[in-house]
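A.B. asks: Would you mind keeping the following structure in view while I ask a few things?
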Amino acid sequence: MTEAVHDDYQLPEEFEHCLKLAPVRDAPSALDRVKQVVRILHEPGGCPWDGEQTNTSLLKPLLEETYEYIDAVETNDRDNMREELGDMLLQSVFQAQVCAVDAQDPFGIDEVCNRLVDKLITRHPHVFQSDDATDASAPAPENAQDTLKLWEAMKQKEKHRKSVLEGISHAQGALPRATKIVSRVHKSQYCDQLETAFTTSASQMDEQHDGDHPYADEIIAIIRKAQRDGVDVESDLRCRLRDIESEIEHIERTMNHE
């Protein structure tokens, strides 16, 4: 087995003497190994399929791998979590590799990581205060909820957002979108004023509407209640559906044996 320079990683058996894998073998860290193997696969002379991928074509597997990891977590499948978390990492590194060879605006995973580090520092001023900070500094949040509100405030400041709705994707499903809107409003410093939007019926609004939406209003009311109770309504629904699916399969097996 061929060992890497800085840790005890060993290339898979029968691949120890592949010259293409030298950058992988010699990479200083596990993340660098991932970067190197993805680069080799994507560049000319690598894998034909990998070489044809674009940021857009990779969106479907990105979404699929995310859902598969969620399923592994919610079923407490630790072994599958190891694999699916790796697949999610692959999607991030692969997306960045495609971005790195863009002719107009290239950037790589290192820039992505550095921007992430900057974000984590600036969004946590209560943790990373300057060593010469005075007692007049802003008070640290006392609990997780206060921390989320601070995070949201810092995000709006950094991105110069004028609305709590900015940055909420319309491409996602209606349920996660509604959950995000409810969460943003709940964390806003103008929560009390913005909350009134949920209790104003469609027919009362100034814009043109095709009537009230009683089912949607019931769903939104449940999402708001779940937010107040600290429940992830989508996760709760997924888990309940998993129970129902299991019971349906049990009933079907019973029927087939009759």
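Chain identifiers are assigned as A, B, and so on, following the order in which chains appear in the structure tokens; residues are numbered from 1 within each chain, and ligands are numbered from 1 in order of appearance.
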So that I can see what lies close to range 27-42 of chain A, please list as an MDAnalysis selection string the residues with an atom at most 12 Å from it, counting only C-alpha atoms and leaving out residues fewer than 3 positions away in the same chain.
C.D. replies: chainID A and resid 3:11 19:24 45:54 86:101 108:110 113
A.B. asks: Find the spatial neighbours of range 58-74 of chain A, counting only C-alpha atoms, within a cut-off of 6 Å - ignore same-chain residues fewer than 2 positions away - and output them as a ChimeraX atom specification.
C.D. replies: /A:55-56,76-77,80-81,84,88,91
A.B. asks: Kindly save the residues from that selection, with all heavy atoms included, as a PDB file, in the first residue's frame.
C.D. replies:
ATOM      1  N   ASN A  55     -22.641  23.365 -13.861  1.00  0.00           N
ATOM      2  CA  ASN A  55     -23.280  23.690 -12.582  1.00  0.00           C
ATOM      3  C   ASN A  55     -24.764  23.361 -12.623  1.00  0.00           C
ATOM      4  O   ASN A  55     -25.344  22.913 -11.618  1.00  0.00           O
ATOM      5  CB  ASN A  55     -23.084  25.171 -12.255  1.00  0.00           C
ATOM      6  CG  ASN A  55     -21.636  25.517 -11.994  1.00  0.00           C
ATOM      7  OD1 ASN A  55     -21.064  26.352 -12.678  1.00  0.00           O
ATOM      8  ND2 ASN A  55     -21.004  24.892 -11.011  1.00  0.00           N
ATOM      9  N   THR A  56     -25.382  23.565 -13.782  1.00  0.00           N
ATOM     10  CA  THR A  56     -26.818  23.288 -13.911  1.00  0.00           C
ATOM     11  C   THR A  56     -27.105  21.798 -13.913  1.00  0.00           C
ATOM     12  O   THR A  56     -28.027  21.321 -13.225  1.00  0.00           O
ATOM     13  CB  THR A  56     -27.366  23.924 -15.200  1.00  0.00           C
ATOM     14  OG1 THR A  56     -27.137  25.329 -15.173  1.00  0.00           O
ATOM     15  CG2 THR A  56     -28.865  23.663 -15.338  1.00  0.00           C
ATOM     16  N   ASN A  76     -31.471   7.320  11.566  1.00  0.00           N
ATOM     17  CA  ASN A  76     -30.314   7.029  12.421  1.00  0.00           C
ATOM     18  C   ASN A  76     -29.446   5.919  11.829  1.00  0.00           C
ATOM     19  O   ASN A  76     -28.956   5.039  12.530  1.00  0.00           O
ATOM     20  CB  ASN A  76     -30.756   6.642  13.836  1.00  0.00           C
ATOM     21  CG  ASN A  76     -29.611   6.729  14.824  1.00  0.00           C
ATOM     22  OD1 ASN A  76     -28.697   7.542  14.669  1.00  0.00           O
ATOM     23  ND2 ASN A  76     -29.631   5.882  15.838  1.00  0.00           N
ATOM     24  N   ASP A  77     -29.261   5.963  10.510  1.00  0.00           N
ATOM     25  CA  ASP A  77     -28.404   5.005   9.817  1.00  0.00           C
ATOM     26  C   ASP A  77     -26.996   5.595   9.749  1.00  0.00           C
ATOM     27  O   ASP A  77     -26.631   6.271   8.793  1.00  0.00           O
ATOM     28  CB  ASP A  77     -28.960   4.758   8.409  1.00  0.00           C
ATOM     29  CG  ASP A  77     -28.231   3.640   7.678  1.00  0.00           C
ATOM     30  OD1 ASP A  77     -27.096   3.314   8.079  1.00  0.00           O
ATOM     31  OD2 ASP A  77     -28.798   3.116   6.697  1.00  0.00           O
ATOM     32  N   ASN A  80     -24.810   4.778   6.660  1.00  0.00           N
ATOM     33  CA  ASN A  80     -25.274   5.475   5.476  1.00  0.00           C
ATOM     34  C   ASN A  80     -24.990   6.974   5.572  1.00  0.00           C
ATOM     35  O   ASN A  80     -24.751   7.639   4.561  1.00  0.00           O
ATOM     36  CB  ASN A  80     -26.768   5.233   5.262  1.00  0.00           C
ATOM     37  CG  ASN A  80     -27.179   5.412   3.809  1.00  0.00           C
ATOM     38  OD1 ASN A  80     -26.374   5.241   2.895  1.00  0.00           O
ATOM     39  ND2 ASN A  80     -28.431   5.759   3.583  1.00  0.00           N
ATOM     40  N   MET A  81     -25.012   7.507   6.798  1.00  0.00           N
ATOM     41  CA  MET A  81     -24.662   8.916   6.989  1.00  0.00           C
ATOM     42  C   MET A  81     -23.232   9.181   6.521  1.00  0.00           C
ATOM     43  O   MET A  81     -22.947  10.211   5.900  1.00  0.00           O
ATOM     44  CB  MET A  81     -24.819   9.308   8.457  1.00  0.00           C
ATOM     45  CG  MET A  81     -26.260   9.512   8.903  1.00  0.00           C
ATOM     46  SD  MET A  81     -26.413   9.725  10.704  1.00  0.00           S
ATOM     47  CE  MET A  81     -25.434  11.210  10.955  1.00  0.00           C
ATOM     48  N   GLU A  84     -23.445   9.174   2.633  1.00  0.00           N
ATOM     49  CA  GLU A  84     -24.216  10.272   2.052  1.00  0.00           C
ATOM     50  C   GLU A  84     -23.590  11.632   2.345  1.00  0.00           C
ATOM     51  O   GLU A  84     -23.674  12.548   1.523  1.00  0.00           O
ATOM     52  CB  GLU A  84     -25.662  10.235   2.565  1.00  0.00           C
ATOM     53  CG  GLU A  84     -26.431   8.970   2.197  1.00  0.00           C
ATOM     54  CD  GLU A  84     -26.501   8.726   0.702  1.00  0.00           C
ATOM     55  OE1 GLU A  84     -26.303   9.684  -0.080  1.00  0.00           O
ATOM     56  OE2 GLU A  84     -26.734   7.580   0.301  1.00  0.00           O
ATOM     57  N   MET A  88     -22.520  14.401  -0.418  1.00  0.00           N
ATOM     58  CA  MET A  88     -22.823  15.836  -0.367  1.00  0.00           C
ATOM     59  C   MET A  88     -21.544  16.664  -0.518  1.00  0.00           C
ATOM     60  O   MET A  88     -21.535  17.690  -1.200  1.00  0.00           O
ATOM     61  CB  MET A  88     -23.523  16.177   0.949  1.00  0.00           C
ATOM     62  CG  MET A  88     -24.958  15.669   1.039  1.00  0.00           C
ATOM     63  SD  MET A  88     -25.697  16.065   2.642  1.00  0.00           S
ATOM     64  CE  MET A  88     -25.639  17.856   2.615  1.00  0.00           C
ATOM     65  N   GLN A  91     -20.574  16.822  -4.104  1.00  0.00           N
ATOM     66  CA  GLN A  91     -21.343  17.786  -4.886  1.00  0.00           C
ATOM     67  C   GLN A  91     -20.791  19.203  -4.729  1.00  0.00           C
ATOM     68  O   GLN A  91     -20.719  19.963  -5.692  1.00  0.00           O
ATOM     69  CB  GLN A  91     -22.813  17.733  -4.473  1.00  0.00           C
ATOM     70  CG  GLN A  91     -23.520  16.428  -4.808  1.00  0.00           C
ATOM     71  CD  GLN A  91     -23.376  16.061  -6.267  1.00  0.00           C
ATOM     72  OE1 GLN A  91     -23.575  16.881  -7.156  1.00  0.00           O
ATOM     73  NE2 GLN A  91     -23.035  14.804  -6.528  1.00  0.00           N
TER      74      GLN A  91
END
A.B. asks: If we count only C-alpha atoms and set the cut-off at 12 Å, which residues sit around range 170-174 of chain A, ignoring sequence neighbours fewer than 4 positions away in its own chain? Please answer as number ranges by chain.
C.D. replies: A: 59, 63, 165-166, 178-181, 216, 219-220, 223, 234
A.B. asks: Would you write out those residues with C-alpha atoms, as a short mmCIF file (atom, residue, chain, number, x, y, z; two decimals), in the first residue's frame?
C.D. replies:
data_model
loop_
_atom_site.label_atom_id
_atom_site.label_comp_id
_atom_site.auth_asym_id
_atom_site.auth_seq_id
_atom_site.Cartn_x
_atom_site.Cartn_y
_atom_site.Cartn_z
CA LEU A 59 -28.27 20.45 -9.49
CA LEU A 63 -30.74 17.80 -4.42
CA LEU A 165 -37.97 37.97 1.95
CA GLU A 166 -34.77 38.59 0.01
CA ALA A 178 -43.61 28.86 3.62
CA THR A 179 -41.52 27.56 6.51
CA LYS A 180 -38.65 29.85 5.54
CA ILE A 181 -40.95 32.89 5.33
CA ALA A 216 -53.24 27.19 2.49
CA ILE A 219 -51.19 24.88 6.53
CA ILE A 220 -49.54 28.24 7.28
CA ILE A 223 -46.30 26.04 10.30
CA GLU A 234 -41.16 19.33 7.38
#
